[in-house]
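Raw contents of entry_20.txt, compact mmCIF, N, CA and C atoms and all ligand atoms:
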# COMPACT_ATOMS: atom_id res chain seq x y z
N MET P 1 55.12 111.81 84.13
CA MET P 1 55.77 110.51 84.26
C MET P 1 57.17 110.71 84.83
N SER P 2 57.50 109.91 85.84
CA SER P 2 58.82 110.03 86.45
C SER P 2 59.88 109.36 85.60
N ASP P 3 61.11 109.80 85.81
CA ASP P 3 62.22 109.19 85.08
C ASP P 3 62.40 107.75 85.54
N PRO P 4 62.77 106.87 84.62
CA PRO P 4 63.03 105.48 85.03
C PRO P 4 64.18 105.42 86.02
N LYS P 5 64.09 104.51 86.97
CA LYS P 5 65.08 104.41 88.04
C LYS P 5 66.04 103.25 87.78
N ARG P 6 67.26 103.44 88.30
CA ARG P 6 68.25 102.36 88.23
C ARG P 6 67.74 101.16 89.04
N PRO P 7 67.83 99.95 88.51
CA PRO P 7 67.51 98.78 89.34
C PRO P 7 68.53 98.69 90.47
N LEU P 8 68.05 98.47 91.68
CA LEU P 8 68.93 98.46 92.85
C LEU P 8 69.06 97.07 93.43
N PRO P 9 70.19 96.80 94.09
CA PRO P 9 70.36 95.50 94.74
C PRO P 9 69.49 95.40 95.98
N ARG P 10 69.24 94.17 96.43
CA ARG P 10 68.59 93.98 97.72
C ARG P 10 69.64 94.24 98.79
N ALA P 11 69.31 95.13 99.71
CA ALA P 11 70.29 95.52 100.74
C ALA P 11 70.17 94.66 102.00
N ASP P 12 69.29 93.66 101.98
CA ASP P 12 69.04 92.89 103.20
C ASP P 12 69.51 91.43 103.11
N GLU P 13 70.25 91.09 102.06
CA GLU P 13 70.73 89.71 101.96
C GLU P 13 71.88 89.47 102.94
N PHE P 14 71.90 88.29 103.52
CA PHE P 14 72.83 88.00 104.63
C PHE P 14 74.29 88.28 104.26
N ASP P 15 74.73 87.79 103.12
CA ASP P 15 76.15 87.90 102.77
C ASP P 15 76.59 89.32 102.45
N THR P 16 75.70 90.13 101.91
CA THR P 16 76.11 91.44 101.39
C THR P 16 75.51 92.62 102.17
N ARG P 17 74.67 92.38 103.15
CA ARG P 17 74.00 93.50 103.83
C ARG P 17 74.96 94.44 104.53
N ASP P 18 76.07 93.92 105.09
CA ASP P 18 77.03 94.81 105.76
C ASP P 18 77.75 95.71 104.75
N PHE P 19 78.01 95.17 103.55
CA PHE P 19 78.60 96.00 102.50
C PHE P 19 77.65 97.15 102.15
N TRP P 20 76.38 96.81 101.88
CA TRP P 20 75.43 97.85 101.49
C TRP P 20 75.16 98.84 102.61
N ALA P 21 75.14 98.36 103.86
CA ALA P 21 74.93 99.28 104.99
C ALA P 21 76.05 100.31 105.04
N ALA P 22 77.28 99.88 104.78
CA ALA P 22 78.43 100.81 104.81
C ALA P 22 78.35 101.83 103.69
N THR P 23 77.73 101.46 102.57
CA THR P 23 77.64 102.42 101.46
C THR P 23 76.79 103.63 101.83
N LYS P 24 75.90 103.46 102.81
CA LYS P 24 75.10 104.62 103.23
C LYS P 24 76.01 105.73 103.76
N ASN P 25 77.15 105.34 104.32
CA ASN P 25 78.15 106.30 104.80
C ASN P 25 79.26 106.53 103.77
N LYS P 26 79.01 106.05 102.54
CA LYS P 26 79.98 106.18 101.44
C LYS P 26 81.32 105.55 101.81
N GLU P 27 81.22 104.39 102.42
CA GLU P 27 82.40 103.58 102.74
C GLU P 27 82.37 102.32 101.89
N PHE P 28 83.51 102.04 101.24
CA PHE P 28 83.64 100.84 100.42
C PHE P 28 84.30 99.76 101.26
N LYS P 29 83.51 98.80 101.73
CA LYS P 29 84.01 97.73 102.60
C LYS P 29 84.30 96.48 101.79
N TYR P 30 85.33 95.79 102.19
CA TYR P 30 85.63 94.48 101.61
C TYR P 30 86.16 93.60 102.73
N GLN P 31 86.36 92.33 102.44
CA GLN P 31 86.82 91.41 103.47
C GLN P 31 88.20 90.87 103.14
N GLN P 32 88.92 90.50 104.20
CA GLN P 32 90.19 89.83 104.04
C GLN P 32 90.23 88.66 105.02
N CYS P 33 90.73 87.53 104.53
CA CYS P 33 90.80 86.33 105.35
C CYS P 33 91.90 86.49 106.41
N SER P 34 91.54 86.23 107.67
CA SER P 34 92.52 86.30 108.75
C SER P 34 93.48 85.13 108.72
N ASN P 35 93.12 84.07 108.01
CA ASN P 35 93.96 82.86 107.95
C ASN P 35 94.99 82.95 106.83
N CYS P 36 94.55 83.28 105.60
CA CYS P 36 95.47 83.23 104.45
C CYS P 36 95.63 84.59 103.75
N GLU P 37 94.95 85.63 104.26
CA GLU P 37 95.06 87.00 103.76
C GLU P 37 94.47 87.23 102.36
N THR P 38 93.71 86.26 101.83
CA THR P 38 93.03 86.46 100.56
C THR P 38 92.04 87.61 100.68
N ILE P 39 92.00 88.47 99.66
CA ILE P 39 91.01 89.54 99.59
C ILE P 39 89.72 88.95 99.03
N ILE P 40 88.61 89.24 99.67
CA ILE P 40 87.32 88.69 99.26
C ILE P 40 86.36 89.82 98.89
N PHE P 41 85.86 89.76 97.67
CA PHE P 41 84.84 90.70 97.22
C PHE P 41 84.12 90.04 96.06
N TYR P 42 82.81 90.00 96.06
CA TYR P 42 81.84 90.53 96.97
C TYR P 42 81.86 89.82 98.31
N SER P 43 81.24 90.43 99.30
CA SER P 43 81.30 89.87 100.64
C SER P 43 80.53 88.55 100.73
N ARG P 44 81.04 87.68 101.58
CA ARG P 44 80.41 86.38 101.80
C ARG P 44 80.87 85.82 103.13
N ARG P 45 80.46 84.58 103.43
CA ARG P 45 80.70 84.00 104.74
C ARG P 45 82.02 83.27 104.87
N HIS P 46 82.64 82.93 103.75
CA HIS P 46 83.85 82.13 103.82
C HIS P 46 84.91 82.66 102.86
N CYS P 47 86.15 82.30 103.14
CA CYS P 47 87.26 82.71 102.29
C CYS P 47 87.24 81.91 100.98
N THR P 48 87.46 82.62 99.86
CA THR P 48 87.49 81.94 98.57
C THR P 48 88.85 81.27 98.35
N GLY P 49 89.82 81.55 99.21
CA GLY P 49 91.13 80.93 99.07
C GLY P 49 91.26 79.64 99.87
N CYS P 50 90.78 79.65 101.13
CA CYS P 50 91.01 78.50 102.00
C CYS P 50 89.73 77.99 102.67
N THR P 51 88.59 78.62 102.38
CA THR P 51 87.26 78.29 102.93
C THR P 51 87.12 78.59 104.41
N ASP P 52 88.11 79.21 105.03
CA ASP P 52 88.01 79.60 106.43
C ASP P 52 86.90 80.64 106.58
N GLY P 53 86.30 80.68 107.76
CA GLY P 53 85.21 81.62 107.99
C GLY P 53 85.58 82.83 108.80
N ASN P 54 86.86 82.99 109.12
CA ASN P 54 87.30 84.10 109.95
C ASN P 54 87.74 85.27 109.06
N LEU P 55 86.77 86.11 108.68
CA LEU P 55 87.03 87.20 107.75
C LEU P 55 86.99 88.53 108.48
N GLU P 56 87.87 89.43 108.06
CA GLU P 56 87.95 90.75 108.67
C GLU P 56 87.46 91.79 107.67
N TRP P 57 86.61 92.72 108.14
CA TRP P 57 86.13 93.81 107.29
C TRP P 57 87.19 94.90 107.22
N LYS P 58 87.41 95.43 106.02
CA LYS P 58 88.33 96.54 105.82
C LYS P 58 87.65 97.59 104.95
N THR P 59 88.20 98.80 104.97
CA THR P 59 87.63 99.89 104.18
C THR P 59 88.62 100.34 103.13
N ALA P 60 88.18 100.34 101.88
CA ALA P 60 89.03 100.78 100.77
C ALA P 60 89.01 102.31 100.68
N THR P 61 90.05 102.85 100.05
CA THR P 61 90.13 104.30 99.88
C THR P 61 89.18 104.80 98.79
N GLY P 62 88.76 103.89 97.91
CA GLY P 62 87.92 104.28 96.79
C GLY P 62 88.73 104.53 95.52
N LYS P 63 90.04 104.35 95.62
CA LYS P 63 90.90 104.55 94.45
C LYS P 63 91.20 103.22 93.77
N GLY P 64 91.31 103.28 92.44
CA GLY P 64 91.61 102.07 91.70
C GLY P 64 91.99 102.39 90.27
N THR P 65 92.06 101.32 89.46
CA THR P 65 92.37 101.49 88.04
C THR P 65 91.42 100.61 87.23
N ILE P 66 91.24 101.01 85.96
CA ILE P 66 90.39 100.24 85.06
C ILE P 66 91.16 99.00 84.61
N TYR P 67 90.64 97.81 84.95
CA TYR P 67 91.25 96.56 84.50
C TYR P 67 90.87 96.32 83.04
N THR P 68 89.60 96.46 82.74
CA THR P 68 89.12 96.41 81.36
C THR P 68 87.73 97.04 81.33
N PHE P 69 87.24 97.35 80.15
CA PHE P 69 85.93 97.97 80.06
C PHE P 69 85.31 97.72 78.70
N SER P 70 84.00 97.96 78.63
CA SER P 70 83.25 97.89 77.39
C SER P 70 82.30 99.08 77.37
N VAL P 71 81.96 99.54 76.20
CA VAL P 71 81.03 100.65 76.08
C VAL P 71 79.71 100.12 75.52
N VAL P 72 78.65 100.35 76.28
CA VAL P 72 77.31 99.92 75.87
C VAL P 72 76.70 101.05 75.06
N ARG P 73 76.27 100.71 73.84
CA ARG P 73 75.70 101.74 72.96
C ARG P 73 74.21 101.55 72.72
N GLN P 74 73.69 100.40 73.15
CA GLN P 74 72.27 100.13 72.96
C GLN P 74 71.75 99.35 74.15
N SER P 75 70.63 99.79 74.71
CA SER P 75 70.02 99.07 75.81
C SER P 75 68.51 99.19 75.69
N TYR P 76 67.80 98.14 76.07
CA TYR P 76 66.34 98.17 76.04
C TYR P 76 65.74 98.41 77.42
N HIS P 77 66.62 98.48 78.44
CA HIS P 77 66.13 98.74 79.79
C HIS P 77 65.74 100.21 79.90
N PRO P 78 64.59 100.51 80.51
CA PRO P 78 64.13 101.92 80.57
C PRO P 78 65.14 102.88 81.19
N PHE P 79 65.87 102.45 82.23
CA PHE P 79 66.86 103.34 82.84
C PHE P 79 68.10 103.45 81.97
N PHE P 80 68.67 102.32 81.60
CA PHE P 80 69.96 102.32 80.90
C PHE P 80 69.84 102.86 79.47
N ARG P 81 68.64 102.76 78.89
CA ARG P 81 68.43 103.30 77.54
C ARG P 81 68.78 104.79 77.50
N ASN P 82 68.52 105.49 78.63
CA ASN P 82 68.80 106.92 78.69
C ASN P 82 70.26 107.23 79.02
N GLN P 83 71.05 106.20 79.29
CA GLN P 83 72.45 106.41 79.69
C GLN P 83 73.44 106.21 78.54
N VAL P 84 73.01 105.57 77.47
CA VAL P 84 73.96 105.21 76.40
C VAL P 84 74.53 106.45 75.73
N PRO P 85 75.78 106.39 75.26
CA PRO P 85 76.72 105.30 75.50
C PRO P 85 77.31 105.41 76.91
N TYR P 86 77.49 104.26 77.57
CA TYR P 86 78.08 104.28 78.91
C TYR P 86 79.09 103.14 79.05
N ALA P 87 80.02 103.31 79.97
CA ALA P 87 81.10 102.33 80.16
C ALA P 87 80.78 101.40 81.31
N VAL P 88 80.91 100.11 81.04
CA VAL P 88 80.87 99.07 82.08
C VAL P 88 82.31 98.60 82.24
N ALA P 89 82.81 98.64 83.46
CA ALA P 89 84.24 98.37 83.65
C ALA P 89 84.48 97.48 84.86
N TRP P 90 85.51 96.64 84.75
CA TRP P 90 86.07 95.98 85.92
C TRP P 90 87.09 96.93 86.50
N ILE P 91 86.91 97.26 87.77
CA ILE P 91 87.82 98.18 88.46
C ILE P 91 88.63 97.39 89.48
N ASP P 92 89.93 97.52 89.41
CA ASP P 92 90.80 96.96 90.44
C ASP P 92 91.05 98.03 91.49
N MET P 93 90.46 97.82 92.68
CA MET P 93 90.69 98.76 93.77
C MET P 93 92.14 98.62 94.24
N ASP P 94 92.69 99.73 94.74
CA ASP P 94 94.10 99.71 95.16
C ASP P 94 94.37 98.63 96.21
N GLU P 95 93.38 98.34 97.06
CA GLU P 95 93.57 97.37 98.13
C GLU P 95 93.37 95.92 97.66
N GLY P 96 92.87 95.73 96.44
CA GLY P 96 92.76 94.37 95.93
C GLY P 96 91.41 93.93 95.40
N PRO P 97 90.30 94.44 95.94
CA PRO P 97 89.02 93.98 95.40
C PRO P 97 88.85 94.37 93.93
N ARG P 98 88.19 93.52 93.16
CA ARG P 98 87.85 93.84 91.77
C ARG P 98 86.33 93.91 91.68
N ILE P 99 85.81 95.03 91.18
CA ILE P 99 84.37 95.25 91.14
C ILE P 99 83.94 95.63 89.73
N LEU P 100 82.79 95.12 89.33
CA LEU P 100 82.16 95.50 88.06
C LEU P 100 81.26 96.69 88.32
N SER P 101 81.48 97.78 87.59
CA SER P 101 80.72 98.99 87.83
C SER P 101 80.67 99.81 86.54
N ASN P 102 80.25 101.05 86.68
CA ASN P 102 80.25 101.99 85.56
C ASN P 102 81.30 103.06 85.81
N VAL P 103 81.90 103.54 84.72
CA VAL P 103 82.75 104.72 84.81
C VAL P 103 81.93 105.88 84.24
N VAL P 104 81.74 106.88 85.08
CA VAL P 104 80.91 108.03 84.72
C VAL P 104 81.79 109.29 84.67
N GLY P 105 81.18 110.39 84.29
CA GLY P 105 81.90 111.66 84.33
C GLY P 105 82.80 111.88 83.13
N VAL P 106 82.56 111.15 82.04
CA VAL P 106 83.32 111.38 80.81
C VAL P 106 82.32 111.70 79.69
N THR P 107 82.74 112.51 78.76
CA THR P 107 81.87 112.90 77.66
C THR P 107 81.73 111.77 76.65
N ASP P 108 82.86 111.14 76.32
CA ASP P 108 82.88 110.11 75.28
C ASP P 108 83.63 108.89 75.81
N PRO P 109 82.90 107.92 76.37
CA PRO P 109 83.59 106.77 76.98
C PRO P 109 84.43 105.96 75.98
N LEU P 110 84.12 106.06 74.68
CA LEU P 110 84.91 105.33 73.69
C LEU P 110 86.33 105.88 73.59
N ASN P 111 86.48 107.19 73.79
CA ASN P 111 87.79 107.82 73.62
C ASN P 111 88.39 108.38 74.91
N ASP P 112 87.57 108.53 75.94
CA ASP P 112 88.05 109.17 77.17
C ASP P 112 88.55 108.19 78.21
N LEU P 113 88.39 106.88 77.95
CA LEU P 113 88.82 105.86 78.93
C LEU P 113 89.85 104.95 78.31
N LYS P 114 90.72 104.42 79.19
CA LYS P 114 91.68 103.43 78.72
C LYS P 114 92.01 102.45 79.84
N ILE P 115 92.41 101.26 79.47
CA ILE P 115 92.82 100.26 80.45
C ILE P 115 94.01 100.80 81.24
N GLY P 116 93.96 100.60 82.54
CA GLY P 116 95.02 101.08 83.42
C GLY P 116 94.81 102.49 83.94
N GLN P 117 93.75 103.15 83.47
CA GLN P 117 93.47 104.53 83.88
C GLN P 117 93.07 104.58 85.36
N ALA P 118 93.57 105.58 86.07
CA ALA P 118 93.22 105.76 87.48
C ALA P 118 91.80 106.28 87.61
N VAL P 119 91.06 105.71 88.54
CA VAL P 119 89.68 106.14 88.79
C VAL P 119 89.47 106.22 90.30
N THR P 120 88.41 106.90 90.68
CA THR P 120 88.05 106.98 92.09
C THR P 120 86.54 106.82 92.21
N VAL P 121 86.11 106.30 93.35
CA VAL P 121 84.69 106.01 93.53
C VAL P 121 83.87 107.29 93.52
N GLU P 122 82.69 107.19 92.94
CA GLU P 122 81.71 108.28 92.86
C GLU P 122 80.39 107.67 93.33
N TRP P 123 79.93 108.08 94.50
CA TRP P 123 78.74 107.45 95.08
C TRP P 123 77.48 108.02 94.49
N GLU P 124 76.60 107.13 94.03
CA GLU P 124 75.26 107.52 93.56
C GLU P 124 74.30 107.24 94.70
N GLU P 125 73.69 108.29 95.23
CA GLU P 125 72.88 108.17 96.43
C GLU P 125 71.47 107.68 96.14
N HIS P 126 71.02 106.75 96.98
CA HIS P 126 69.64 106.27 96.96
C HIS P 126 69.14 106.25 98.39
N GLU P 127 67.87 105.91 98.56
CA GLU P 127 67.27 106.01 99.89
C GLU P 127 67.95 105.09 100.90
N ASP P 128 68.18 103.83 100.54
CA ASP P 128 68.68 102.85 101.51
C ASP P 128 70.14 102.48 101.32
N LEU P 129 70.77 102.95 100.26
CA LEU P 129 72.16 102.59 99.98
C LEU P 129 72.72 103.56 98.95
N CYS P 130 74.02 103.47 98.75
CA CYS P 130 74.66 104.22 97.67
C CYS P 130 75.32 103.21 96.73
N ILE P 131 75.29 103.51 95.44
CA ILE P 131 75.90 102.65 94.44
C ILE P 131 77.30 103.16 94.14
N PRO P 132 78.33 102.28 94.25
CA PRO P 132 79.68 102.73 93.92
C PRO P 132 79.91 102.75 92.40
N LEU P 133 79.94 103.94 91.85
CA LEU P 133 80.33 104.15 90.46
C LEU P 133 81.74 104.71 90.51
N PHE P 134 82.35 104.90 89.37
CA PHE P 134 83.73 105.40 89.34
C PHE P 134 83.85 106.51 88.32
N LYS P 135 84.80 107.41 88.56
CA LYS P 135 85.09 108.51 87.64
C LYS P 135 86.60 108.62 87.51
N PRO P 136 87.08 109.20 86.40
CA PRO P 136 88.53 109.37 86.27
C PRO P 136 89.09 110.16 87.46
N ALA P 137 90.25 109.72 87.94
CA ALA P 137 90.86 110.37 89.11
C ALA P 137 91.54 111.67 88.70
ZN ZN P 201 91.65 82.17 103.54
Spell out the structure here as structure tokens.
Amino acid sequence: MSDPKRPLPRADEFDTRDFWAATKNKEFKYQQCSNCETIIFYSRRHCTGCTDGNLEWKTATGKGTIYTFSVVRQSYHPFFRNQVPYAVAWIDMDEGPRILSNVVGVTDPLNDLKIGQAVTVEWEEHEDLCIPLFKPA
């Protein structure tokens, strides 16, 4: 029996396909409005600040900090059940996007993580895309 797999996003949806395509090259793309400079993440067709549709793609360095996090100690999902305890965190990227992800690479997420901690992206490779996870910097 094979190990349970992480559920993956659809990489072909119109609004997010360019983001997922860039992850194949381990690039973290986000958008910025050319009209009002609002940072937009997740990717979409219009600015969340002014509704303008003239958005520019940019590439983040992959560096950020933990805005907040929670530690999951129980899961009934076949994949995540084998990951507990694990940290689910909002990460503020240095360039402005805020993403919900996991912080990996720590032995004890209850004691090894803190709000404001510096993290850097850690790509989890899959066939059609890479998942941006984070690890302590
Ligand atoms: Zn705007």
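You can rank P:Ser101, P:Thr16, P:Thr51, P:Asn25 by their closest distance to ligand ZN 201 (chain P) using all atoms listed in the file, and at the top of that list sits P:Thr51.
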Contacts of Glu124 (chain P) within 10 Å, only C-alpha atoms, excl. fewer than 2 positions in-chain, as number ranges by chain: P: 23, 26, 121-122, 126, 129-134
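Using only C-alpha atoms, the nearest neighbour of Asn111 (chain P) within the list P:Leu8, P:Ile66, P:Ile40, P:Val71 is P:Val71.
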Distance CA of Arg81 (chain P)-atom N of Leu113 (chain P), one decimal place?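 Interatomic distance, CA of Arg81 (chain P) to atom N of Leu113 (chain P): 20.3 Å.
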To one decimal in Å, tell me the separation between CA of Asp112 (chain P) and atom N of Gly62 (chain P).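 Answer for the CA of Asp112 (chain P) to atom N of Gly62 (chain P) separation: 21.4 Å.
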I'd like a table as a tab-separated table: residues in chain P with an atom no more than 12 Å from ligand ZN 201 (chain P), each row giving the shortest atom pair and its distance in Å to one decimal, only C-alpha atoms and all ligand atoms counted, sorted by chain and rising residue number.
residue	atom	partner	partner_atom	distance
P:Gln31	CA	P:ZN201	ZN	10.4
P:Gln32	CA	P:ZN201	ZN	7.8
P:Cys33	CA	P:ZN201	ZN	4.6
P:Ser34	CA	P:ZN201	ZN	6.7
P:Asn35	CA	P:ZN201	ZN	5.0
P:Cys36	CA	P:ZN201	ZN	4.1
P:Glu37	CA	P:ZN201	ZN	5.9
P:Thr38	CA	P:ZN201	ZN	5.4
P:Ile39	CA	P:ZN201	ZN	8.4
P:Ile40	CA	P:ZN201	ZN	8.9
P:Arg45	CA	P:ZN201	ZN	11.2
P:His46	CA	P:ZN201	ZN	7.8
P:Cys47	CA	P:ZN201	ZN	4.6
P:Thr48	CA	P:ZN201	ZN	6.5
P:Gly49	CA	P:ZN201	ZN	4.7
P:Cys50	CA	P:ZN201	ZN	4.0
P:Thr51	CA	P:ZN201	ZN	5.9
P:Asp52	CA	P:ZN201	ZN	5.3
P:Gly53	CA	P:ZN201	ZN	7.8
P:Asn54	CA	P:ZN201	ZN	8.0
P:Leu55	CA	P:ZN201	ZN	8.0
P:Glu56	CA	P:ZN201	ZN	10.7
So that I have them on file, write out the residues from the current selection with N, CA and C atoms, as an mmCIF file, keeping the file's coordinate frame.
data_model
loop_
_atom_site.group_PDB
_atom_site.id
_atom_site.type_symbol
_atom_site.label_atom_id
_atom_site.label_comp_id
_atom_site.auth_asym_id
_atom_site.auth_seq_id
_atom_site.Cartn_x
_atom_site.Cartn_y
_atom_site.Cartn_z
ATOM 1 N N GLN P 31 86.360 92.330 102.440
ATOM 2 C CA GLN P 31 86.820 91.410 103.470
ATOM 3 C C GLN P 31 88.200 90.870 103.140
ATOM 4 N N GLN P 32 88.920 90.500 104.200
ATOM 5 C CA GLN P 32 90.190 89.830 104.040
ATOM 6 C C GLN P 32 90.230 88.660 105.020
ATOM 7 N N CYS P 33 90.730 87.530 104.530
ATOM 8 C CA CYS P 33 90.800 86.330 105.350
ATOM 9 C C CYS P 33 91.900 86.490 106.410
ATOM 10 N N SER P 34 91.540 86.230 107.670
ATOM 11 C CA SER P 34 92.520 86.300 108.750
ATOM 12 C C SER P 34 93.480 85.130 108.720
ATOM 13 N N ASN P 35 93.120 84.070 108.010
ATOM 14 C CA ASN P 35 93.960 82.860 107.950
ATOM 15 C C ASN P 35 94.990 82.950 106.830
ATOM 16 N N CYS P 36 94.550 83.280 105.600
ATOM 17 C CA CYS P 36 95.470 83.230 104.450
ATOM 18 C C CYS P 36 95.630 84.590 103.750
ATOM 19 N N GLU P 37 94.950 85.630 104.260
ATOM 20 C CA GLU P 37 95.060 87.000 103.760
ATOM 21 C C GLU P 37 94.470 87.230 102.360
ATOM 22 N N THR P 38 93.710 86.260 101.830
ATOM 23 C CA THR P 38 93.030 86.460 100.560
ATOM 24 C C THR P 38 92.040 87.610 100.680
ATOM 25 N N ILE P 39 92.000 88.470 99.660
ATOM 26 C CA ILE P 39 91.010 89.540 99.590
ATOM 27 C C ILE P 39 89.720 88.950 99.030
ATOM 28 N N ILE P 40 88.610 89.240 99.670
ATOM 29 C CA ILE P 40 87.320 88.690 99.260
ATOM 30 C C ILE P 40 86.360 89.820 98.890
ATOM 31 N N ARG P 45 80.460 84.580 103.430
ATOM 32 C CA ARG P 45 80.700 84.000 104.740
ATOM 33 C C ARG P 45 82.020 83.270 104.870
ATOM 34 N N HIS P 46 82.640 82.930 103.750
ATOM 35 C CA HIS P 46 83.850 82.130 103.820
ATOM 36 C C HIS P 46 84.910 82.660 102.860
ATOM 37 N N CYS P 47 86.150 82.300 103.140
ATOM 38 C CA CYS P 47 87.260 82.710 102.290
ATOM 39 C C CYS P 47 87.240 81.910 100.980
ATOM 40 N N THR P 48 87.460 82.620 99.860
ATOM 41 C CA THR P 48 87.490 81.940 98.570
ATOM 42 C C THR P 48 88.850 81.270 98.350
ATOM 43 N N GLY P 49 89.820 81.550 99.210
ATOM 44 C CA GLY P 49 91.130 80.930 99.070
ATOM 45 C C GLY P 49 91.260 79.640 99.870
ATOM 46 N N CYS P 50 90.780 79.650 101.130
ATOM 47 C CA CYS P 50 91.010 78.500 102.000
ATOM 48 C C CYS P 50 89.730 77.990 102.670
ATOM 49 N N THR P 51 88.590 78.620 102.380
ATOM 50 C CA THR P 51 87.260 78.290 102.930
ATOM 51 C C THR P 51 87.120 78.590 104.410
ATOM 52 N N ASP P 52 88.110 79.210 105.030
ATOM 53 C CA ASP P 52 88.010 79.600 106.430
ATOM 54 C C ASP P 52 86.900 80.640 106.580
ATOM 55 N N GLY P 53 86.300 80.680 107.760
ATOM 56 C CA GLY P 53 85.210 81.620 107.990
ATOM 57 C C GLY P 53 85.580 82.830 108.800
ATOM 58 N N ASN P 54 86.860 82.990 109.120
ATOM 59 C CA ASN P 54 87.300 84.100 109.950
ATOM 60 C C ASN P 54 87.740 85.270 109.060
ATOM 61 N N LEU P 55 86.770 86.110 108.680
ATOM 62 C CA LEU P 55 87.030 87.200 107.750
ATOM 63 C C LEU P 55 86.990 88.530 108.480
ATOM 64 N N GLU P 56 87.870 89.430 108.060
ATOM 65 C CA GLU P 56 87.950 90.750 108.670
ATOM 66 C C GLU P 56 87.460 91.790 107.670
#
Report as a list of chain:residue names all protein, DNA and RNA residues lying within 8 Å of Asn102 (chain P), evaluated on only N, CA and C atoms, omitting residues in the same chain fewer than 5 positions from it.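 Residues near the query, excluding close chain neighbours: P:Tyr86, P:Ala87, P:Val88, P:Ala89, P:Trp90, P:Ile91, P:Pro132, P:Leu133, P:Phe134, P:Lys135.
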In chain P, what's helix (DSSP H, G or I) per DSSP? Answer as a VMD selection string? chain P and resid 17 to 23 80 to 82 109 to 112
List as an MDAnalysis selection string: which residues have an atom within 5 Å of (67.9, 103.0, 86.1), counting all atoms listed in the file? chainID P and resid 4:7 79:80
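The interatomic distance for the pair atom C of Thr107 (chain P) and CA of Met93 (chain P) works out to 23.3 Å.
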Out of P:Ala137, P:Tyr67, P:Arg98, P:Val103, which residue has the shortest atom-to-atom distance to Ile115 (chain P) when counting all atoms listed in the file?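 With all atoms listed in the file as the atom set, the closest residue is P:Tyr67.
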From the DSSP assignment of the backbone, select every residue of region 18-103 of chain P that is strand (DSSP E or B), and format the answer as a PyMOL selection string. chain P and resi 28-33+39-40+55-60+63-72+86-93+98-103
Hey, what's within 8 Å of Phe19 (chain P) if we count only C-alpha atoms and toss same-chain stuff fewer than 3 positions away? As a PyMOL selection string, please? chain P and resi 16+22-23+28-30+43
Could you name the residues that touch Gly64 (chain P) at 6 Å or less, counting only C-alpha atoms, but leaving out those on the same chain fewer than 2 positions away, as number ranges by chain? P: 92-94, 118-119
Nearest to Phe41 (chain P): which of P:Gln117, P:Gly105, P:Gly96, P:Ser2 is it, counting only N, CA and C atoms?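 With only N, CA and C atoms as the atom set, the closest residue is P:Gly96.
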From P:Lys24, P:Pro136, P:Glu95, P:Tyr42, residue lying nearest Ala60 (chain P) [only N, CA and C atoms]: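 Ranking P:Lys24, P:Pro136, P:Glu95, P:Tyr42 by distance to Ala60 (chain P), first place goes to P:Glu95.
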